[in-house]
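Asker: The structure file input_14.txt (compact mmCIF, C-alpha atoms and all ligand atoms) is provided below.
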```txt
# COMPACT_ATOMS: atom_id res chain seq x y z
CA MET W 1 -10.46 8.20 3.88
CA SER W 2 -9.48 11.74 4.69
CA ILE W 3 -7.38 13.89 2.45
CA ASN W 4 -5.20 14.33 5.53
CA ARG W 5 -4.03 10.79 5.01
CA ARG W 6 -2.24 11.66 1.87
CA HIS W 7 0.38 13.89 0.43
CA PHE W 8 1.82 14.55 -2.92
CA ILE W 9 5.43 14.52 -3.93
CA ASN W 10 6.63 17.03 -6.42
CA LEU W 11 9.21 14.83 -8.05
CA SER W 12 10.96 17.68 -9.73
CA SER W 13 11.74 19.01 -6.28
CA LEU W 14 13.54 15.76 -5.61
CA GLY W 15 15.56 16.18 -8.76
CA ILE W 16 14.32 13.05 -10.49
CA ALA W 17 11.80 14.50 -12.90
CA GLY W 18 13.69 13.33 -15.96
CA PHE W 19 13.55 9.70 -14.95
CA THR W 20 10.84 8.03 -17.00
CA LEU W 21 9.01 4.96 -15.94
CA GLN W 22 8.94 3.54 -19.44
CA GLY W 23 12.68 3.92 -19.86
CA PHE W 24 13.37 2.07 -16.67
CA ALA W 25 10.89 -0.74 -17.22
CA ASN W 26 11.67 -1.47 -20.86
CA LYS W 27 15.40 -1.71 -20.53
CA THR W 28 15.07 -5.32 -19.51
CA ASN W 29 14.33 -7.01 -22.90
CA ASN W 30 15.12 -10.65 -22.30
CA ILE W 31 17.29 -10.07 -19.30
CA ILE W 32 15.72 -10.92 -15.97
CA ILE W 33 16.26 -8.17 -13.43
CA LYS W 34 16.67 -9.77 -10.02
CA PRO W 35 16.63 -9.24 -7.24
CA ILE W 36 14.23 -6.32 -7.32
CA VAL W 37 11.74 -4.87 -4.86
CA ILE W 38 9.08 -2.23 -5.43
CA ALA W 39 6.85 -0.53 -2.86
CA THR W 40 4.06 2.04 -2.76
CA TRP W 41 4.45 5.75 -2.03
CA ASP W 42 7.56 7.57 -0.83
CA ALA W 43 7.57 5.46 2.34
CA GLY W 44 8.54 2.70 -0.06
CA LEU W 45 12.05 4.14 -0.23
CA ASN W 46 12.78 3.29 3.40
CA ALA W 47 10.84 0.06 3.25
CA ASN W 48 12.82 -1.01 0.18
CA LYS W 49 16.06 -0.49 2.11
CA GLY W 50 14.84 -2.98 4.72
CA ALA W 51 13.90 -5.47 2.00
CA TRP W 52 17.18 -4.93 0.16
CA GLU W 53 19.19 -6.01 3.20
CA VAL W 54 17.58 -9.42 2.74
CA LEU W 55 17.57 -9.58 -1.07
CA SER W 56 21.14 -8.39 -1.57
CA LYS W 57 22.38 -11.26 0.57
CA GLY W 58 20.51 -13.81 -1.52
CA GLY W 59 17.58 -13.97 0.94
CA SER W 60 14.05 -14.91 -0.05
CA ALA W 61 11.46 -12.53 -1.42
CA LEU W 62 9.16 -13.63 1.40
CA ASP W 63 11.62 -12.58 4.12
CA ALA W 64 12.32 -9.38 2.21
CA VAL W 65 8.69 -8.26 1.91
CA GLU W 66 8.08 -8.93 5.59
CA LYS W 67 11.21 -7.07 6.75
CA GLY W 68 10.60 -4.26 4.29
CA VAL W 69 7.13 -3.28 5.44
CA MET W 70 8.09 -3.72 9.10
CA VAL W 71 10.25 -0.63 8.61
CA THR W 72 7.11 1.35 7.79
CA GLU W 73 5.13 -0.24 10.62
CA ASP W 74 7.82 1.14 12.95
CA GLU W 75 7.54 4.69 11.58
CA ILE W 76 4.94 7.11 12.87
CA SER W 77 2.57 7.98 10.05
CA CYS W 78 -1.08 8.64 9.38
CA CYS W 79 -1.74 5.34 7.74
CA VAL W 80 0.44 2.41 8.80
CA GLY W 81 1.14 0.86 12.19
CA LEU W 82 0.10 1.77 15.70
CA GLY W 83 0.95 5.46 15.28
CA ALA W 84 -1.69 5.83 12.56
CA ASN W 85 -5.04 7.60 12.64
CA PRO W 86 -7.76 5.74 14.57
CA ASP W 87 -11.26 4.70 13.58
CA ARG W 88 -14.18 6.97 14.45
CA ASP W 89 -14.32 5.50 17.96
CA GLY W 90 -10.69 6.38 18.62
CA HIS W 91 -9.08 2.94 18.19
CA VAL W 92 -6.25 2.13 15.77
CA THR W 93 -7.20 -1.04 13.88
CA LEU W 94 -4.76 -2.63 11.47
CA ASP W 95 -5.01 -4.82 8.35
CA ALA W 96 -2.14 -6.76 6.73
CA SER W 97 -1.47 -9.59 4.31
CA ILE W 98 1.43 -11.58 2.93
CA MET W 99 1.75 -14.10 0.08
CA ASP W 100 4.63 -16.27 -1.13
CA HIS W 101 5.61 -17.98 -4.40
CA GLU W 102 3.60 -21.14 -3.70
CA PHE W 103 0.16 -19.60 -3.15
CA ASN W 104 0.66 -19.69 0.62
CA CYS W 105 -0.96 -16.63 2.11
CA GLY W 106 -2.02 -15.18 5.44
CA SER W 107 -3.76 -12.07 6.64
CA VAL W 108 -5.10 -10.25 9.66
CA ALA W 109 -7.81 -7.62 9.81
CA PHE W 110 -9.26 -5.33 12.47
CA LEU W 111 -6.25 -6.14 14.65
CA GLU W 112 -5.58 -3.86 17.63
CA ARG W 113 -2.53 -3.14 19.83
CA ILE W 114 -0.02 -5.29 17.95
CA LYS W 115 3.01 -3.53 16.52
CA HIS W 116 3.73 -5.72 13.49
CA PRO W 117 0.54 -7.00 11.89
CA ILE W 118 2.55 -8.19 8.88
CA SER W 119 4.41 -10.68 11.07
CA VAL W 120 1.13 -11.91 12.56
CA ALA W 121 -0.17 -12.40 9.00
CA ARG W 122 2.92 -14.47 8.25
CA LYS W 123 2.29 -16.62 11.33
CA VAL W 124 -1.31 -17.14 10.20
CA MET W 125 0.10 -18.35 6.88
CA GLU W 126 2.73 -20.61 8.39
CA LYS W 127 1.15 -21.89 11.56
CA THR W 128 -2.57 -22.24 10.94
CA PRO W 129 -4.70 -24.02 8.35
CA HIS W 130 -6.41 -20.66 7.71
CA VAL W 131 -5.78 -17.63 5.57
CA MET W 132 -7.36 -14.85 7.61
CA LEU W 133 -7.89 -14.02 11.27
CA VAL W 134 -9.74 -10.93 12.45
CA GLY W 135 -10.26 -8.76 15.52
CA GLU W 136 -10.08 -10.29 18.94
CA GLY W 137 -9.26 -13.72 17.54
CA ALA W 138 -6.33 -12.33 15.57
CA GLN W 139 -5.09 -10.56 18.69
CA GLN W 140 -5.41 -13.71 20.81
CA PHE W 141 -3.49 -15.64 18.18
CA ALA W 142 -0.77 -12.98 18.10
CA LEU W 143 -0.39 -13.11 21.88
CA SER W 144 -0.20 -16.91 21.81
CA GLU W 145 2.64 -16.53 19.28
CA GLY W 146 4.57 -14.27 21.66
CA PHE W 147 3.65 -10.87 20.24
CA LYS W 148 3.41 -8.13 22.87
CA LEU W 149 0.17 -6.27 23.66
CA GLU W 150 1.01 -2.60 23.18
CA PRO W 151 -0.67 0.19 25.20
CA ASN W 152 -3.97 1.48 23.88
CA VAL W 153 -2.78 5.03 23.17
CA LEU W 154 -2.73 7.26 20.13
CA SER W 155 0.44 8.83 18.77
CA GLU W 156 0.66 12.60 19.19
CA ASP W 157 -0.06 13.13 15.49
CA ALA W 158 -3.02 10.78 15.51
CA LYS W 159 -4.43 12.38 18.66
CA LYS W 160 -4.28 15.82 17.05
CA ALA W 161 -5.85 14.56 13.83
CA TYR W 162 -8.59 12.73 15.73
CA GLU W 163 -9.42 15.73 17.90
CA LYS W 164 -9.71 17.82 14.76
CA TRP W 165 -11.93 15.23 13.13
CA LEU W 166 -14.14 14.97 16.23
CA LYS W 167 -15.13 18.62 15.89
CA LYS W 168 -17.29 17.73 12.89
CA SER W 169 -17.34 13.93 13.10
CA THR W 170 -18.55 13.62 9.53
CA TYR W 171 -17.88 10.32 7.84
CA LYS W 172 -17.21 11.29 4.30
CA PRO W 173 -14.16 9.55 2.93
CA VAL W 174 -12.34 11.93 0.64
CA ILE W 175 -9.21 10.55 -0.81
CA ASN W 176 -5.94 11.70 -2.22
CA VAL W 177 -7.25 13.09 -5.42
CA GLU W 178 -5.25 15.88 -6.92
CA ARG W 179 -8.03 16.80 -9.31
CA SER W 180 -5.92 17.80 -12.26
CA THR W 181 -8.90 17.92 -14.60
CA ASN W 182 -11.43 19.20 -12.12
CA PRO W 183 -11.80 22.99 -12.25
CA ASN W 184 -13.42 22.94 -8.80
CA ALA W 185 -10.41 21.32 -7.21
CA GLN W 186 -9.25 23.06 -4.08
CA LEU W 187 -5.91 21.62 -3.29
CA ASP W 188 -4.60 22.23 0.19
CA GLU W 189 -1.29 24.12 0.09
CA LYS W 190 0.52 21.36 1.92
CA TYR W 191 -0.30 18.83 -0.79
CA LYS W 192 1.61 20.82 -3.35
CA ALA W 193 4.90 19.81 -1.80
CA PRO W 194 6.29 16.85 0.05
CA TYR W 195 4.39 16.82 3.32
CA LYS W 196 5.96 16.09 6.65
CA LEU W 197 4.20 15.62 9.95
CA ASP W 198 4.99 17.91 12.86
CA ASN W 199 7.38 15.29 14.23
CA GLY W 200 9.41 15.39 11.01
CA ASN W 201 8.25 12.00 9.75
CA TRP W 202 6.72 11.61 6.32
CA ASN W 203 3.02 11.40 6.07
CA HIS W 204 2.22 8.42 3.87
CA ASP W 205 -0.20 5.72 2.99
CA THR W 206 -0.70 1.97 2.92
CA ILE W 207 2.61 0.29 2.31
CA GLY W 208 2.43 -2.45 -0.30
CA MET W 209 5.52 -4.28 -1.51
CA VAL W 210 6.32 -6.97 -4.06
CA ALA W 211 9.73 -8.53 -4.68
CA LEU W 212 11.56 -10.96 -6.97
CA ASP W 213 14.51 -12.67 -5.31
CA ALA W 214 17.78 -14.01 -6.72
CA ASN W 215 16.19 -17.45 -7.12
CA GLY W 216 13.44 -15.98 -9.29
CA ASN W 217 10.68 -16.30 -6.70
CA LEU W 218 8.05 -13.64 -6.10
CA SER W 219 6.32 -12.61 -2.87
CA GLY W 220 4.24 -9.68 -1.66
CA SER W 221 3.07 -7.89 1.47
CA CYS W 222 0.71 -5.12 2.43
CA THR W 223 0.02 -3.35 5.76
CA THR W 224 -2.21 -0.43 6.69
CA SER W 225 -4.49 1.21 9.21
CA GLY W 226 -7.00 1.48 6.39
CA ALA W 227 -9.16 4.56 6.09
CA GLY W 228 -8.71 7.19 8.80
CA PHE W 229 -11.79 7.68 11.04
CA LYS W 230 -13.49 4.72 9.41
CA LEU W 231 -16.55 3.01 10.84
CA ARG W 232 -15.53 0.64 13.62
CA GLY W 233 -15.01 -2.80 12.11
CA ARG W 234 -14.36 -1.53 8.57
CA VAL W 235 -11.85 -3.66 6.69
CA GLY W 236 -10.33 -2.58 3.40
CA ASP W 237 -8.72 -4.41 0.51
CA SER W 238 -5.26 -4.78 2.04
CA PRO W 239 -5.89 -8.02 3.96
CA VAL W 240 -8.11 -9.47 1.23
CA ILE W 241 -6.02 -11.84 -0.87
CA GLY W 242 -6.80 -11.25 -4.55
CA ALA W 243 -7.93 -7.68 -3.91
CA GLY W 244 -5.15 -5.77 -2.12
CA LEU W 245 -2.44 -8.34 -2.86
CA TYR W 246 -1.88 -11.26 -5.19
CA VAL W 247 1.12 -13.34 -6.23
CA ASP W 248 1.29 -16.01 -8.93
CA ASN W 249 4.88 -17.13 -9.23
CA GLU W 250 4.43 -18.10 -12.89
CA VAL W 251 3.28 -14.62 -13.80
CA GLY W 252 3.80 -11.76 -11.38
CA ALA W 253 2.93 -10.03 -8.14
CA VAL W 254 0.64 -7.05 -7.56
CA VAL W 255 -0.34 -4.83 -4.65
CA ALA W 256 -2.92 -2.05 -4.39
CA THR W 257 -3.44 1.17 -2.50
CA GLY W 258 -6.31 3.62 -2.49
CA GLN W 259 -10.02 3.22 -1.92
CA GLY W 260 -10.16 -0.37 -0.71
CA GLU W 261 -13.86 -0.89 -1.34
CA ASP W 262 -13.35 -0.24 -5.05
CA VAL W 263 -10.31 -2.50 -5.25
CA ILE W 264 -12.29 -5.31 -3.61
CA ARG W 265 -15.22 -5.06 -6.02
CA VAL W 266 -13.00 -5.87 -9.02
CA ALA W 267 -10.72 -8.36 -7.21
CA GLY W 268 -8.06 -5.83 -8.23
CA ALA W 269 -4.65 -7.41 -7.64
CA SER W 270 -5.75 -10.76 -9.02
CA ALA W 271 -7.23 -9.07 -12.10
CA VAL W 272 -3.91 -7.32 -12.79
CA VAL W 273 -2.07 -10.65 -12.53
CA GLU W 274 -4.49 -12.21 -15.03
CA TYR W 275 -3.85 -9.42 -17.55
CA MET W 276 -0.12 -10.01 -17.19
CA ARG W 277 -0.74 -13.71 -17.81
CA GLN W 278 -2.34 -12.68 -21.12
CA GLY W 279 0.89 -10.91 -22.07
CA LYS W 280 0.21 -7.36 -20.93
CA SER W 281 3.09 -5.40 -19.44
CA PRO W 282 2.84 -4.60 -15.71
CA GLN W 283 1.84 -1.03 -16.50
CA GLU W 284 -0.75 -2.00 -19.13
CA ALA W 285 -2.24 -4.59 -16.79
CA CYS W 286 -2.55 -2.08 -13.94
CA LYS W 287 -4.10 0.43 -16.33
CA LEU W 288 -6.79 -2.00 -17.53
CA VAL W 289 -7.99 -2.61 -13.98
CA VAL W 290 -7.88 1.07 -13.04
CA GLU W 291 -9.92 1.88 -16.18
CA LYS W 292 -12.45 -0.78 -15.22
CA ILE W 293 -12.88 0.86 -11.81
CA ARG W 294 -13.20 4.24 -13.49
CA LYS W 295 -15.95 2.88 -15.74
CA ILE W 296 -17.82 1.27 -12.85
CA LYS W 297 -17.63 4.40 -10.70
CA LYS W 298 -18.70 6.75 -13.52
CA GLU W 299 -18.67 10.36 -12.30
CA LYS W 300 -17.84 9.18 -8.77
CA ALA W 301 -14.39 8.27 -10.06
CA ALA W 302 -13.53 11.95 -9.49
CA ASP W 303 -13.67 11.36 -5.75
CA ILE W 304 -11.60 8.26 -5.27
CA GLN W 305 -8.03 7.22 -5.82
CA VAL W 306 -6.95 3.67 -6.66
CA CYS W 307 -3.42 2.62 -7.58
CA PHE W 308 -1.67 -0.64 -8.41
CA ILE W 309 1.99 -1.58 -8.65
CA ALA W 310 3.04 -4.77 -10.44
CA LEU W 311 6.16 -6.83 -11.00
CA ASN W 312 6.44 -9.69 -13.47
CA LYS W 313 8.70 -12.75 -13.61
CA LYS W 314 11.26 -10.87 -15.68
CA GLY W 315 11.64 -8.19 -13.03
CA GLU W 316 9.76 -5.66 -15.16
CA HIS W 317 7.64 -3.31 -13.10
CA GLY W 318 4.89 -0.83 -13.69
CA SER W 319 2.06 1.03 -12.04
CA PHE W 320 -1.10 2.91 -12.81
CA ALA W 321 -3.31 5.20 -10.75
CA LEU W 322 -6.74 6.68 -11.30
CA HIS W 323 -5.50 10.17 -10.43
CA THR W 324 -2.20 11.97 -10.37
CA GLY W 325 -0.15 12.10 -7.17
CA PHE W 326 0.78 8.45 -6.78
CA ASN W 327 4.39 7.31 -6.71
CA TYR W 328 6.31 4.16 -5.93
CA ALA W 329 9.86 3.18 -5.05
CA VAL W 330 12.01 0.69 -6.98
CA HIS W 331 15.18 -0.90 -5.62
CA THR W 332 17.55 -2.91 -7.83
CA SER W 333 21.32 -3.27 -7.74
CA ASP W 334 21.32 0.12 -9.53
CA GLY W 335 19.89 1.82 -6.44
CA ASN W 336 16.62 2.93 -4.88
CA LYS W 337 14.45 5.39 -6.81
CA LEU W 338 11.06 7.03 -6.46
CA LEU W 339 8.99 7.03 -9.66
CA GLU W 340 5.91 9.01 -10.46
CA SER W 341 3.04 6.81 -11.62
CA PRO W 342 1.13 7.30 -14.84
CA PHE W 343 -2.55 8.01 -14.20
CA SER W 344 -5.92 8.11 -15.88
CA ILE W 345 -7.79 11.28 -14.99
N1 LIG S 401 -6.36 0.46 0.54
C1 LIG S 401 -6.43 0.86 1.92
C2 LIG S 401 -7.79 0.59 2.45
O1 LIG S 401 -8.76 0.88 1.78
C3 LIG S 401 -6.13 2.28 2.17
C4 LIG S 401 -5.04 2.92 1.40
O2 LIG S 401 -4.36 2.32 0.60
O3 LIG S 401 -4.84 4.09 1.62
O4 LIG S 401 -7.89 0.16 3.58
```
When written as structure tokens, how does the structure in this file appear?
Answerer:
Amino acid sequence: MSINRRHFINLSSLGIAGFTLQGFANKTNNIIIKPIVIATWDAGLNANKGAWEVLSKGGSALDAVEKGVMVTEDEISCCVGLGANPDRDGHVTLDASIMDHEFNCGSVAFLERIKHPISVARKVMEKTPHVMLVGEGAQQFALSEGFKLEPNVLSEDAKKAYEKWLKKSTYKPVINVERSTNPNAQLDEKYKAPYKLDNGNWNHDTIGMVALDANGNLSGSCTTSGAGFKLRGRVGDSPVIGAGLYVDNEVGAVVATGQGEDVIRVAGASAVVEYMRQGKSPQEACKLVVEKIRKIKKEKAADIQVCFIALNKKGEHGSFALHTGFNYAVHTSDGNKLLESPFSI
């Protein structure tokens, strides 16, 4: 995962530095906040707007989380949809998953040339007896469901990034770690401020979204191109139910972003849900799983980022990241806001 896949938002530059996560999350007491939708990174702001169109009209969380992340799949960015960075062989391969309030779930992985992998994942959930389809089979299934085969071309941004990468062709995933405690950190200038691509779009990461609808039902979705310049065939956590995404309608819903391999090894999203079941707040639950990854990775934790966002049945939300630089967007009837995540290192 290249550092080029990421950017960091200086929240104070957006004028929302005084907005504390704790203050927002704890206001709820016994009141259930619904509907509510939360989504990863600054791209979550736009995605939330798409989801809110559904939720504000009394629509289901499932419809909302599909519509929401479709907004991001339509944007050109480094990390989501067909405009994203390719694998090391020059092909864009996409992973996505979706889960509803009744443990129904569907996912696709290593899917090529289909614009909305999240909608294919939903079809897998609704129209097949399976949970996951991959590669050529997933593409065949998509075509049989009426999805269009898009041209096999890279976006301008992806082409430039790939050509740059090809010069060295090293496969050394470095991720969005703003090494606040690392004296050797060399932070690229552009990561010190909100980072826009040459075409004016935001550069952003995996979009993960979880929502609670007016009926009190939870659902979640996740869609990504995974790690830029990855080995051909690499699949991350995003389409792996229980790792990148998990929903238990009695407890809460969780989605992950960051180094997928390390989220998979701790069954991340499912682990966060289980901590919430034990009574932990969304933020505490996310923190416990991040700290577990930190412990497992030992000194290598300096080189990876992992982040979770979580929403419980009461509409309380929280997040935790291994390193600084992660943010997520929250939309309620009070509006749509970007919050900076607490972090470990
Ligand atoms: N979790 C994704 C993956 O490993 C990448 C990301 O969130 O940036 O595929």
Asker: So which residues are near ligand LIG 401 (chain S), meaning at most 7 Å away with only C-alpha atoms and all ligand atoms counted, given back as a list of chain:residue names?
Answerer: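 Using only C-alpha atoms and all ligand atoms, everything at most 7 Å from ligand LIG 401 (chain S) comes to W:Cys79, W:Asp205, W:Thr206, W:Thr224, W:Ser225, W:Gly226, W:Ala227, W:Val235, W:Gly236, W:Asp237, W:Ser238, W:Gly244, W:Ala256, W:Thr257, W:Gly258, W:Gln259, W:Gly260, W:Glu261.
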Asker: Specify the axis-aligned box that encloses all atoms of segment 144-162 of chain W listed in the file after padding of 8 Å on each side, stating its centre and edge lengths in Å to one decimal as lines of an AutoDock Vina configuration file.
Answerer:
```
center_x = -2.0
center_y = -0.5
center_z = 19.5
size_x = 29.2
size_y = 48.7
size_z = 27.4
```
Asker: Can you measure atom CA of Glu250 of chain W to atom CA of Ile293 of chain W for me? One decimal in Å is fine.
Answerer: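 Calculated distance between atom CA of Glu250 of chain W and atom CA of Ile293 of chain W is 25.7 Å.
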Asker: Select, from W:Ala51, W:Leu322, W:Leu166, W:Ala61, the residue with the minimum atom-to-atom distance to Asn217 of chain W, counting only C-alpha atoms.
Answerer: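 Among the listed residues, W:Ala61 lies closest to Asn217 of chain W.
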Asker: Take atom CA of Ser221 of chain W and atom CA of Ile345 of chain W and report the distance between them in Å, one decimal.
Answerer: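 About the pair atom CA of Ser221 of chain W and atom CA of Ile345 of chain W: they are 27.5 Å apart.
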Asker: List every protein, DNA or RNA residue that has an atom no more than 12 Å from (11.1, 6.7, 0.7) in the file's coordinate frame, counting only C-alpha atoms, and report them as a PyMOL selection string.
Answerer: chain W and resi 9+14+38-50+68-69+71-72+75+194+201-205+207+327-331+336-339
Asker: If you measure from atom CA of Leu218 of chain W to atom CA of Phe308 of chain W, what distance in Å do you get, rounded to one decimal?
Answerer: 16.4 Å
Asker: Mind checking which residues fall within 8 Å of Gly135 of chain W, counting all atoms listed in the file, ignoring those fewer than 6 positions away in the same chain, and posting them as a PyMOL selection string?
Answerer: chain W and resi 108-112
